[in-house]
>>> print(open('query.cif').read())   # mmCIF, C-alpha atoms
data_run
loop_
_atom_site.label_atom_id
_atom_site.label_comp_id
_atom_site.auth_asym_id
_atom_site.auth_seq_id
_atom_site.Cartn_x
_atom_site.Cartn_y
_atom_site.Cartn_z
CA MET A 1 -11.26 -5.47 4.27
CA GLU A 2 -9.07 -7.94 2.33
CA GLN A 3 -6.93 -5.13 0.99
CA GLY A 4 -6.78 -3.65 4.48
CA LEU A 5 -5.47 -6.82 6.07
CA SER A 6 -3.20 -8.00 3.27
CA SER A 7 -1.50 -4.60 3.00
CA THR A 8 -1.12 -4.09 6.75
CA PRO A 9 2.56 -4.34 7.78
CA ALA A 10 3.36 -7.23 10.08
CA MET A 11 4.19 -4.94 12.98
CA GLU A 12 0.75 -3.30 12.76
CA LEU A 13 -1.40 -6.43 12.86
CA ASP A 14 -2.19 -5.96 16.56
CA LYS A 15 -3.54 -2.50 15.81
CA PHE A 16 -5.55 -3.89 12.89
CA ILE A 17 -7.18 -6.39 15.24
CA GLU A 18 -7.91 -3.73 17.85
CA ASP A 19 -9.39 -1.29 15.34
CA ASN A 20 -11.36 -3.71 13.19
CA LEU A 21 -11.99 -7.04 14.91
CA LEU A 22 -12.41 -6.56 18.67
CA PRO A 23 -16.05 -6.00 19.74
CA ASP A 24 -16.46 -2.79 21.71
CA THR A 25 -18.07 -2.59 25.15
CA ARG A 26 -21.41 -1.32 23.88
CA PHE A 27 -21.64 -4.04 21.26
CA ARG A 28 -20.92 -6.79 23.80
CA ALA A 29 -23.47 -5.32 26.22
CA GLU A 30 -26.16 -5.27 23.52
CA VAL A 31 -25.54 -8.85 22.47
CA ASN A 32 -25.52 -9.99 26.11
CA ALA A 33 -28.81 -8.16 26.71
CA ALA A 34 -30.37 -9.99 23.77
CA ILE A 35 -29.01 -13.31 25.01
CA ASN A 36 -30.50 -12.70 28.47
CA ILE A 37 -33.92 -12.03 26.93
CA ILE A 38 -33.90 -15.31 25.03
CA CYS A 39 -32.37 -17.36 27.88
CA ASP A 40 -35.10 -16.16 30.25
CA PHE A 41 -37.71 -17.04 27.65
CA LEU A 42 -36.30 -20.54 27.13
CA LYS A 43 -35.93 -21.32 30.82
CA GLU A 44 -39.04 -19.72 32.31
CA ARG A 45 -41.73 -19.58 29.68
CA CYS A 46 -41.06 -21.54 26.53
CA PHE A 47 -42.43 -24.94 27.54
CA ARG A 48 -45.11 -23.91 30.02
CA GLY A 49 -47.93 -24.77 27.62
CA ALA A 50 -46.39 -27.92 26.16
CA ALA A 51 -48.61 -31.00 25.90
CA HIS A 52 -46.13 -32.99 28.00
CA PRO A 53 -44.06 -31.59 30.90
CA VAL A 54 -40.70 -30.36 29.63
CA ARG A 55 -37.92 -29.42 31.99
CA VAL A 56 -34.97 -27.24 30.95
CA SER A 57 -31.97 -28.06 33.11
CA ARG A 58 -29.93 -25.13 31.78
CA VAL A 59 -29.20 -22.97 28.75
CA VAL A 60 -25.55 -22.64 27.70
CA LYS A 61 -24.08 -19.94 25.51
CA GLY A 62 -21.84 -21.51 22.89
CA GLY A 63 -20.26 -20.38 19.66
CA SER A 64 -17.92 -17.41 19.44
CA SER A 65 -19.92 -15.41 22.01
CA GLY A 66 -19.46 -18.12 24.63
CA LYS A 67 -15.78 -18.70 23.80
CA GLY A 68 -14.87 -15.01 23.83
CA THR A 69 -13.74 -14.96 20.20
CA ALA A 70 -16.59 -13.00 18.59
CA LEU A 71 -15.76 -10.60 15.77
CA LYS A 72 -16.79 -6.97 15.79
CA GLY A 73 -20.16 -6.49 14.15
CA LYS A 74 -21.02 -10.21 14.12
CA SER A 75 -24.19 -10.12 16.23
CA ASP A 76 -25.01 -13.80 16.52
CA ALA A 77 -25.21 -16.27 19.37
CA ASP A 78 -25.50 -20.04 19.73
CA LEU A 79 -27.65 -21.26 22.61
CA VAL A 80 -27.79 -24.92 23.62
CA VAL A 81 -30.86 -25.93 25.61
CA PHE A 82 -30.33 -28.99 27.81
CA LEU A 83 -33.55 -30.90 28.45
CA ASN A 84 -34.06 -33.48 31.18
CA ASN A 85 -36.69 -35.09 28.93
CA LEU A 86 -33.92 -36.36 26.66
CA THR A 87 -32.44 -39.52 28.18
CA SER A 88 -29.96 -40.72 25.53
CA PHE A 89 -28.12 -39.58 22.41
CA GLU A 90 -30.61 -41.50 20.30
CA ASP A 91 -33.45 -39.79 22.15
CA GLN A 92 -31.96 -36.41 21.23
CA LEU A 93 -31.78 -37.42 17.58
CA LYS A 94 -35.39 -38.65 17.45
CA ARG A 95 -37.13 -35.99 19.56
CA ARG A 96 -35.28 -32.74 18.89
CA GLY A 97 -37.73 -31.82 16.12
CA GLU A 98 -40.78 -31.80 18.38
CA PHE A 99 -39.07 -29.54 20.93
CA ILE A 100 -37.77 -27.16 18.27
CA GLN A 101 -41.28 -26.87 16.86
CA GLU A 102 -42.56 -26.03 20.35
CA ILE A 103 -39.95 -23.26 20.70
CA LYS A 104 -40.97 -21.91 17.31
CA LYS A 105 -44.64 -21.95 18.36
CA GLN A 106 -43.89 -20.08 21.59
CA LEU A 107 -41.78 -17.48 19.78
CA ASP A 108 -44.76 -16.84 17.56
CA GLU A 109 -46.92 -16.28 20.64
CA LEU A 110 -44.29 -14.00 22.12
CA GLN A 111 -44.19 -11.94 18.95
CA ARG A 112 -47.94 -11.42 19.00
CA GLU A 113 -47.72 -10.02 22.53
CA ARG A 114 -45.62 -7.14 21.15
CA HIS A 115 -43.43 -6.86 24.24
CA ILE A 116 -40.47 -7.64 22.00
CA ARG A 117 -40.28 -8.08 18.27
CA VAL A 118 -39.08 -11.49 17.14
CA LYS A 119 -38.48 -12.61 13.59
CA PHE A 120 -37.63 -16.25 13.13
CA GLU A 121 -37.15 -18.98 10.59
CA VAL A 122 -36.22 -22.62 10.99
CA GLN A 123 -33.15 -23.79 9.13
CA SER A 124 -33.89 -26.79 6.96
CA SER A 125 -37.58 -26.14 7.58
CA LEU A 126 -38.52 -28.79 5.02
CA TRP A 127 -37.11 -31.43 7.35
CA CYS A 128 -39.46 -33.13 9.78
CA ASN A 129 -36.70 -33.29 12.38
CA PRO A 130 -34.70 -30.01 12.19
CA ARG A 131 -31.46 -29.79 14.13
CA VAL A 132 -31.45 -26.05 14.82
CA LEU A 133 -33.88 -23.16 15.10
CA SER A 134 -32.60 -19.85 13.76
CA PHE A 135 -34.29 -16.52 14.32
CA LYS A 136 -33.53 -12.83 14.71
CA LEU A 137 -34.39 -10.78 17.77
CA SER A 138 -35.01 -7.07 17.83
CA SER A 139 -36.37 -4.94 20.64
CA PRO A 140 -36.66 -1.24 21.49
CA GLN A 141 -33.67 -1.62 23.82
CA LEU A 142 -31.37 -2.94 21.08
CA GLN A 143 -29.72 -0.86 18.37
CA GLN A 144 -29.36 -3.87 16.08
CA GLU A 145 -30.83 -7.29 15.42
CA VAL A 146 -29.17 -10.30 16.99
CA GLU A 147 -29.33 -13.66 15.19
CA PHE A 148 -29.77 -16.75 17.32
CA HIS A 149 -29.18 -20.43 16.65
CA VAL A 150 -30.90 -22.61 19.24
CA LEU A 151 -29.99 -26.28 19.54
CA LEU A 152 -31.25 -28.98 21.89
CA ALA A 153 -29.07 -31.45 23.74
CA TYR A 154 -29.20 -34.49 25.98
CA ASP A 155 -27.75 -33.51 29.36
CA VAL A 156 -25.20 -36.32 29.56
CA LEU A 157 -22.59 -34.33 31.51
CA GLY A 158 -24.81 -32.77 34.17
CA GLN A 159 -23.20 -29.98 36.16
CA ILE A 160 -19.49 -29.93 35.32
CA ASN A 161 -16.66 -28.19 37.14
CA ASN A 162 -13.88 -28.15 34.53
CA ILE A 163 -12.99 -31.73 35.36
CA LYS A 164 -12.47 -34.68 33.06
CA PRO A 165 -15.80 -36.44 32.39
CA ASP A 166 -16.31 -40.06 33.40
CA PRO A 167 -14.81 -42.17 30.56
CA GLN A 168 -18.04 -44.18 30.46
CA ILE A 169 -19.77 -41.08 29.04
CA TYR A 170 -17.46 -41.15 26.04
CA ALA A 171 -17.71 -44.94 25.76
CA LYS A 172 -21.50 -44.54 25.57
CA LEU A 173 -21.17 -41.73 23.03
CA ILE A 174 -18.91 -43.83 20.80
CA SER A 175 -21.17 -46.86 21.02
CA GLU A 176 -24.33 -44.92 20.10
CA CYS A 177 -22.62 -42.93 17.34
CA ILE A 178 -21.39 -46.13 15.70
CA SER A 179 -24.76 -47.90 16.00
CA LEU A 180 -26.62 -44.86 14.64
CA GLY A 181 -24.00 -44.00 12.02
CA ARG A 182 -23.91 -40.43 13.38
CA GLU A 183 -20.33 -39.64 14.37
CA GLY A 184 -19.97 -35.99 15.38
CA GLU A 185 -23.76 -35.58 15.57
CA PHE A 186 -23.90 -35.00 19.33
CA SER A 187 -21.16 -32.40 19.85
CA THR A 188 -23.80 -30.02 21.27
CA CYS A 189 -23.92 -32.23 24.37
CA PHE A 190 -20.33 -31.16 25.05
CA THR A 191 -20.77 -27.44 24.37
CA GLU A 192 -19.50 -26.44 27.80
CA LEU A 193 -16.28 -28.39 27.29
CA GLN A 194 -15.77 -26.82 23.85
CA ARG A 195 -16.35 -23.40 25.37
CA ASN A 196 -14.05 -23.99 28.33
CA PHE A 197 -11.29 -25.27 26.04
CA LEU A 198 -11.03 -21.79 24.48
CA LYS A 199 -12.56 -19.44 27.03
CA GLN A 200 -9.65 -19.44 29.48
CA ARG A 201 -7.00 -18.89 26.82
CA PRO A 202 -4.82 -15.73 26.90
CA PRO A 203 -6.45 -12.63 25.37
CA LYS A 204 -3.78 -12.38 22.68
CA LEU A 205 -4.43 -15.93 21.50
CA LYS A 206 -8.12 -15.07 21.23
CA SER A 207 -7.13 -12.05 19.15
CA LEU A 208 -5.08 -14.30 16.86
CA ILE A 209 -8.11 -16.58 16.52
CA ARG A 210 -10.17 -13.54 15.54
CA LEU A 211 -7.59 -12.63 12.90
CA VAL A 212 -7.64 -16.15 11.46
CA LYS A 213 -11.46 -16.14 11.47
CA HIS A 214 -11.46 -12.80 9.67
CA TRP A 215 -9.06 -14.17 7.07
CA TYR A 216 -11.28 -17.24 6.70
CA GLN A 217 -14.33 -15.02 6.10
CA LEU A 218 -12.43 -13.10 3.42
CA CYS A 219 -11.57 -16.41 1.74
CA LYS A 220 -15.19 -17.50 2.00
CA GLU A 221 -16.39 -14.31 0.30
CA LYS A 222 -13.85 -14.77 -2.50
CA LEU A 223 -13.95 -18.54 -3.01
CA GLY A 224 -17.44 -19.44 -1.89
CA LYS A 225 -18.16 -22.98 -0.79
CA PRO A 226 -16.97 -25.55 -0.04
CA LEU A 227 -14.35 -24.60 2.55
CA PRO A 228 -13.27 -26.46 5.70
CA PRO A 229 -15.32 -25.73 8.84
CA GLN A 230 -14.30 -22.52 10.59
CA TYR A 231 -14.02 -24.41 13.88
CA ALA A 232 -11.16 -26.41 12.36
CA LEU A 233 -9.24 -23.17 11.76
CA GLU A 234 -9.85 -22.09 15.36
CA LEU A 235 -8.43 -25.35 16.68
CA LEU A 236 -5.54 -25.19 14.24
CA THR A 237 -4.69 -21.77 15.68
CA VAL A 238 -4.68 -23.15 19.22
CA TYR A 239 -2.45 -26.03 18.07
CA ALA A 240 0.00 -23.64 16.38
CA TRP A 241 0.22 -21.49 19.51
CA GLU A 242 0.61 -24.40 21.93
CA ARG A 243 3.32 -26.05 19.84
CA GLY A 244 5.08 -22.92 18.65
CA SER A 245 4.81 -20.39 21.46
CA GLY A 246 2.67 -20.99 24.54
CA ASP A 247 3.43 -17.46 25.76
CA THR A 248 0.77 -14.94 26.75
CA GLU A 249 2.61 -12.37 24.61
CA PHE A 250 3.90 -13.28 21.16
CA ASN A 251 4.45 -11.94 17.66
CA THR A 252 1.02 -11.93 15.98
CA ALA A 253 2.43 -12.04 12.45
CA GLN A 254 4.46 -15.14 13.34
CA GLY A 255 1.38 -16.86 14.70
CA PHE A 256 -0.73 -15.88 11.69
CA ARG A 257 1.92 -17.11 9.27
CA THR A 258 2.26 -20.40 11.15
CA VAL A 259 -1.47 -21.09 10.86
CA LEU A 260 -1.50 -20.35 7.12
CA GLU A 261 1.53 -22.58 6.56
CA LEU A 262 -0.27 -25.38 8.40
CA VAL A 263 -3.25 -24.88 6.10
CA THR A 264 -0.97 -25.37 3.09
CA LYS A 265 0.24 -28.65 4.64
CA TYR A 266 -3.25 -29.95 5.38
CA ARG A 267 -2.44 -33.44 4.05
CA GLN A 268 -0.13 -33.96 7.04
CA LEU A 269 -2.42 -32.68 9.80
CA LEU A 270 -3.11 -35.21 12.55
CA ILE A 271 -4.14 -33.32 15.67
CA TYR A 272 -5.93 -34.25 18.87
CA TRP A 273 -5.97 -33.38 22.56
CA THR A 274 -6.34 -35.48 25.70
CA VAL A 275 -7.86 -32.79 27.91
CA TYR A 276 -11.27 -34.46 28.28
CA TYR A 277 -10.72 -37.99 26.92
CA ASP A 278 -7.64 -40.20 26.55
CA PHE A 279 -6.43 -43.74 25.87
CA GLN A 280 -6.91 -45.20 29.35
CA ASN A 281 -10.31 -46.74 28.68
CA PRO A 282 -9.99 -49.67 26.21
CA ASP A 283 -13.15 -48.80 24.25
CA ILE A 284 -12.11 -45.17 23.86
CA SER A 285 -8.54 -46.16 23.04
CA ASN A 286 -9.57 -48.54 20.28
CA TYR A 287 -11.86 -45.93 18.77
CA LEU A 288 -9.23 -43.17 18.94
CA HIS A 289 -6.69 -45.36 17.16
CA SER A 290 -9.21 -45.98 14.40
CA GLN A 291 -9.90 -42.24 14.14
CA LEU A 292 -6.19 -41.46 13.84
CA LYS A 293 -5.83 -43.93 10.96
CA ARG A 294 -8.30 -42.00 8.82
CA ALA A 295 -7.26 -40.02 5.78
CA ARG A 296 -5.83 -36.66 6.74
CA PRO A 297 -6.48 -33.96 7.65
CA VAL A 298 -7.68 -35.17 11.04
CA ILE A 299 -8.44 -32.58 13.73
CA LEU A 300 -10.47 -34.17 16.51
CA ASP A 301 -12.84 -32.03 18.52
CA PRO A 302 -11.17 -31.77 21.96
CA ALA A 303 -14.59 -32.30 23.58
CA ASP A 304 -15.95 -35.00 21.26
CA PRO A 305 -13.71 -37.81 19.94
CA THR A 306 -16.30 -38.78 17.31
CA GLY A 307 -16.03 -35.41 15.60
CA ASN A 308 -13.31 -34.86 13.01
CA VAL A 309 -13.84 -31.12 12.62
CA ALA A 310 -11.52 -31.05 9.59
CA GLY A 311 -14.49 -32.39 7.64
CA VAL A 312 -14.58 -35.03 4.91
CA ASN A 313 -13.90 -32.90 1.84
CA PRO A 314 -10.17 -32.66 1.01
CA GLU A 315 -11.01 -30.48 -1.99
CA SER A 316 -12.21 -27.76 0.39
CA TRP A 317 -8.78 -27.77 2.06
CA CYS A 318 -7.06 -27.67 -1.31
CA ARG A 319 -8.96 -24.51 -2.25
CA LEU A 320 -8.18 -22.83 1.08
CA ALA A 321 -4.52 -23.93 0.89
CA GLY A 322 -4.14 -22.24 -2.49
CA GLU A 323 -5.39 -18.98 -1.02
CA ALA A 324 -3.13 -19.35 2.04
CA LEU A 325 -0.10 -19.88 -0.21
CA ALA A 326 -0.84 -16.64 -2.06
CA TRP A 327 -1.28 -14.72 1.20
CA LEU A 328 2.14 -15.78 2.49
CA ASN A 329 3.67 -13.31 -0.01
CA TYR A 330 1.57 -10.35 1.15
CA PRO A 331 2.92 -7.33 3.09
CA CYS A 332 1.28 -8.52 6.31
CA PHE A 333 4.08 -11.09 6.50
CA ARG A 334 6.90 -8.62 5.85
CA ASN A 335 9.00 -6.93 8.52
CA SER A 336 9.80 -3.23 8.39
CA ASP A 337 13.19 -3.99 6.77
CA GLY A 338 11.49 -5.97 3.99
CA SER A 339 12.49 -9.38 5.29
CA GLY A 340 9.91 -12.12 5.63
CA VAL A 341 8.32 -12.95 8.96
CA LEU A 342 9.44 -16.33 10.26
CA SER A 343 6.87 -18.88 11.36
CA TRP A 344 6.99 -20.70 14.67
CA ASP A 345 8.83 -24.00 14.83
CA VAL A 346 5.75 -26.20 15.05
CA LEU A 347 6.48 -29.91 15.04
CA THR A 348 4.03 -31.44 12.55
CA PRO A 349 3.77 -34.94 11.06
CA PHE A 350 5.44 -34.04 7.77
CA ARG A 351 8.73 -33.46 9.59
CA LYS A 352 8.84 -36.94 11.09
CA ALA A 353 8.13 -40.39 9.70
CA CYS A 354 5.96 -41.24 12.67
CA PHE A 355 2.71 -39.62 13.82
CA ILE A 356 3.28 -36.45 15.81
CA CYS A 357 0.16 -35.34 17.66
CA LEU A 358 -0.54 -32.76 20.30
CA ILE A 359 -1.09 -34.44 23.64
CA LEU A 360 -1.82 -32.49 26.82
#
>>> encode(input="query.cif", output="structure tokens")
Amino acid sequence: MEQGLSSTPAMELDKFIEDNLLPDTRFRAEVNAAINIICDFLKERCFRGAAHPVRVSRVVKGGSSGKGTALKGKSDADLVVFLNNLTSFEDQLKRRGEFIQEIKKQLDELQRERHIRVKFEVQSSLWCNPRVLSFKLSSPQLQQEVEFHVLLAYDVLGQINNIKPDPQIYAKLISECISLGREGEFSTCFTELQRNFLKQRPPKLKSLIRLVKHWYQLCKEKLGKPLPPQYALELLTVYAWERGSGDTEFNTAQGFRTVLELVTKYRQLLIYWTVYYDFQNPDISNYLHSQLKRARPVILDPADPTGNVAGVNPESWCRLAGEALAWLNYPCFRNSDGSGVLSWDVLTPFRKACFICLIL
């Protein structure tokens, strides 16, 4: 697939995405059917036999399936289970293991009933307090297995309606993260905000995100680990589009080139949004200013100010930047007349002496 993408002319990138990266209707229907099976299990049955009453307030589909940026053939889904039994961020940290073990136990029971076939394994199973339960679901109704990652979360937001959360929620998050030394640990609590940040974006931007994710996977296969988190590349794509275009229709090759050029300039990246949190609250403001003084790259999770999704390993960015630099000379960035595709005029910190950040 690397040769296919790298040798695809710039003007044919949209067709490449349509032919190779967009999930078809049948695939989406199958994944959604699998998700419905597991959601019903988690909400209606999973904790019925638990030693202590456990109440599931809701189950939220996250990850690429929830955001509408899934790649063709990638049959996986992230499900976040919000429990009313968790009453604080610290409570989530301490008790998630016991609830994950209960889900694992109930999946085992479900498998023995033979109504559906479930294969499962717990990531980091040697830990006494695992963060996520991973398993694969297959059933007679599905043509393929679907891999699930189930995470538990404290329901700090309650029912949200695409509005800005109470600043005190973020003040509490910051305070607990600092006291526990767990910045970025509780991003699952804000899954719906992460999902909404991308879900309502124009279809073509989602296609560009798919293209960048596909390129990232090719780099991962070639370079191995460590690489920056994929989520950072997704947000970088949104940033490039918002600063460089903002249109529902745009030149895909230009957008792709812009993202790769930003990767090569990772030492200058300082990016954040004020969609869900801002500088009005003094506690949040002080914390944000400290975050923005950190070594770059800094890409703050738009839903969680404690999460720098760029990661803490500059070497991983260096490796990815080297690959991006090589790709900029490939045919996918050449016009039909042989000239190079121009990138968008994205205002980034390296072009000004002061900090230039994206503020909505």
>>> closest_residue(input="query.cif", among="A:Leu42, A:Ile174, A:Leu71, A:Val156", to="A:Asp283", atoms="all atoms listed in the file")
A:Ile174
>>> closest_atom_pairs(input="query.cif", of="stretch 53-78 of chain A", to="stretch 207-213 of chain A", cutoff="12 Å", atoms="only C-alpha atoms", output="CSV")
residue,atom,partner,partner_atom,distance
A:Ser64,CA,A:Arg210,CA,9.5
A:Ser65,CA,A:Arg210,CA,11.8
A:Lys67,CA,A:Ile209,CA,10.8
A:Gly68,CA,A:Ser207,CA,9.5
A:Thr69,CA,A:Arg210,CA,6.0
A:Ala70,CA,A:Arg210,CA,7.1
A:Leu71,CA,A:Arg210,CA,6.3
A:Lys72,CA,A:Arg210,CA,9.3
A:Lys74,CA,A:Arg210,CA,11.4
>>> residues_around(input="query.cif", residues="A:Tyr287", least_positions_apart="6", cutoff="12 Å", atoms="all atoms listed in the file", output="list in words")
Tyr170, Ala171, Lys172, Leu173, Ile174, Ser175, Cys177, Ile178, Glu183, Tyr277, Asp278, Phe279, Gln280, Asn281, Lys293, Arg294, Asp304, Pro305, Thr306 and Gly307 of chain A
>>> closest_residue(input="query.cif", among="A:Glu90, A:Asp19, A:Leu137, A:Leu198", to="A:Gly181", atoms="all atoms listed in the file")
A:Glu90
>>> atom_distance(input="query.cif", atom1="atom CA of A:Gln217", atom2="atom CA of A:Leu151")
23.5 Å
>>> closest_residue(input="query.cif", among="A:Gln168, A:Leu110, A:Tyr154, A:Ala253", to="A:Pro282", atoms="all atoms listed in the file")
A:Gln168
>>> closest_residue(input="query.cif", among="A:Glu30, A:Asp14, A:Glu221, A:Asp91", to="A:Gln254", atoms="all atoms listed in the file")
A:Asp14
>>> resolve_selection(input="query.cif", expression="the PyMOL selection byres ((chain A and resi 312-327) around 6)", output="number ranges by chain")
A: 226-228, 260, 263-264, 311, 328-330
>>> atom_distance(input="query.cif", atom1="atom CA of A:Arg45", atom2="atom CA of A:His149")
18.1 Å
>>> closest_residue(input="query.cif", among="A:Pro297, A:Pro130, A:Gly63, A:Gly97", to="A:Thr188", atoms="all atoms listed in the file")
A:Gly63
>>> atom_distance(input="query.cif", atom1="atom CA of A:Val275", atom2="atom CA of A:Phe256")
24.5 Å
>>> closest_residue(input="query.cif", among="A:Val346, A:Asp247, A:Leu5, A:Gln92", to="A:Asn129", atoms="only C-alpha atoms")
A:Gln92
>>> residues_around(input="query.cif", residues="A:Ile38", least_positions_apart="6", cutoff="12 Å", atoms="all atoms listed in the file", output="PyMOL selection string")
chain A and resi 31-32+44-46+59-61+77-81+103+106-107+110+116-118+135-139+146-150
>>> resolve_selection(input="query.cif", expression="the PyMOL selection byres ((chain A and resi 255) around 12)", output="PyMOL selection string")
chain A and resi 10+13-14+204-209+211-212+236-247+249-254+256-262+332-333+341-346
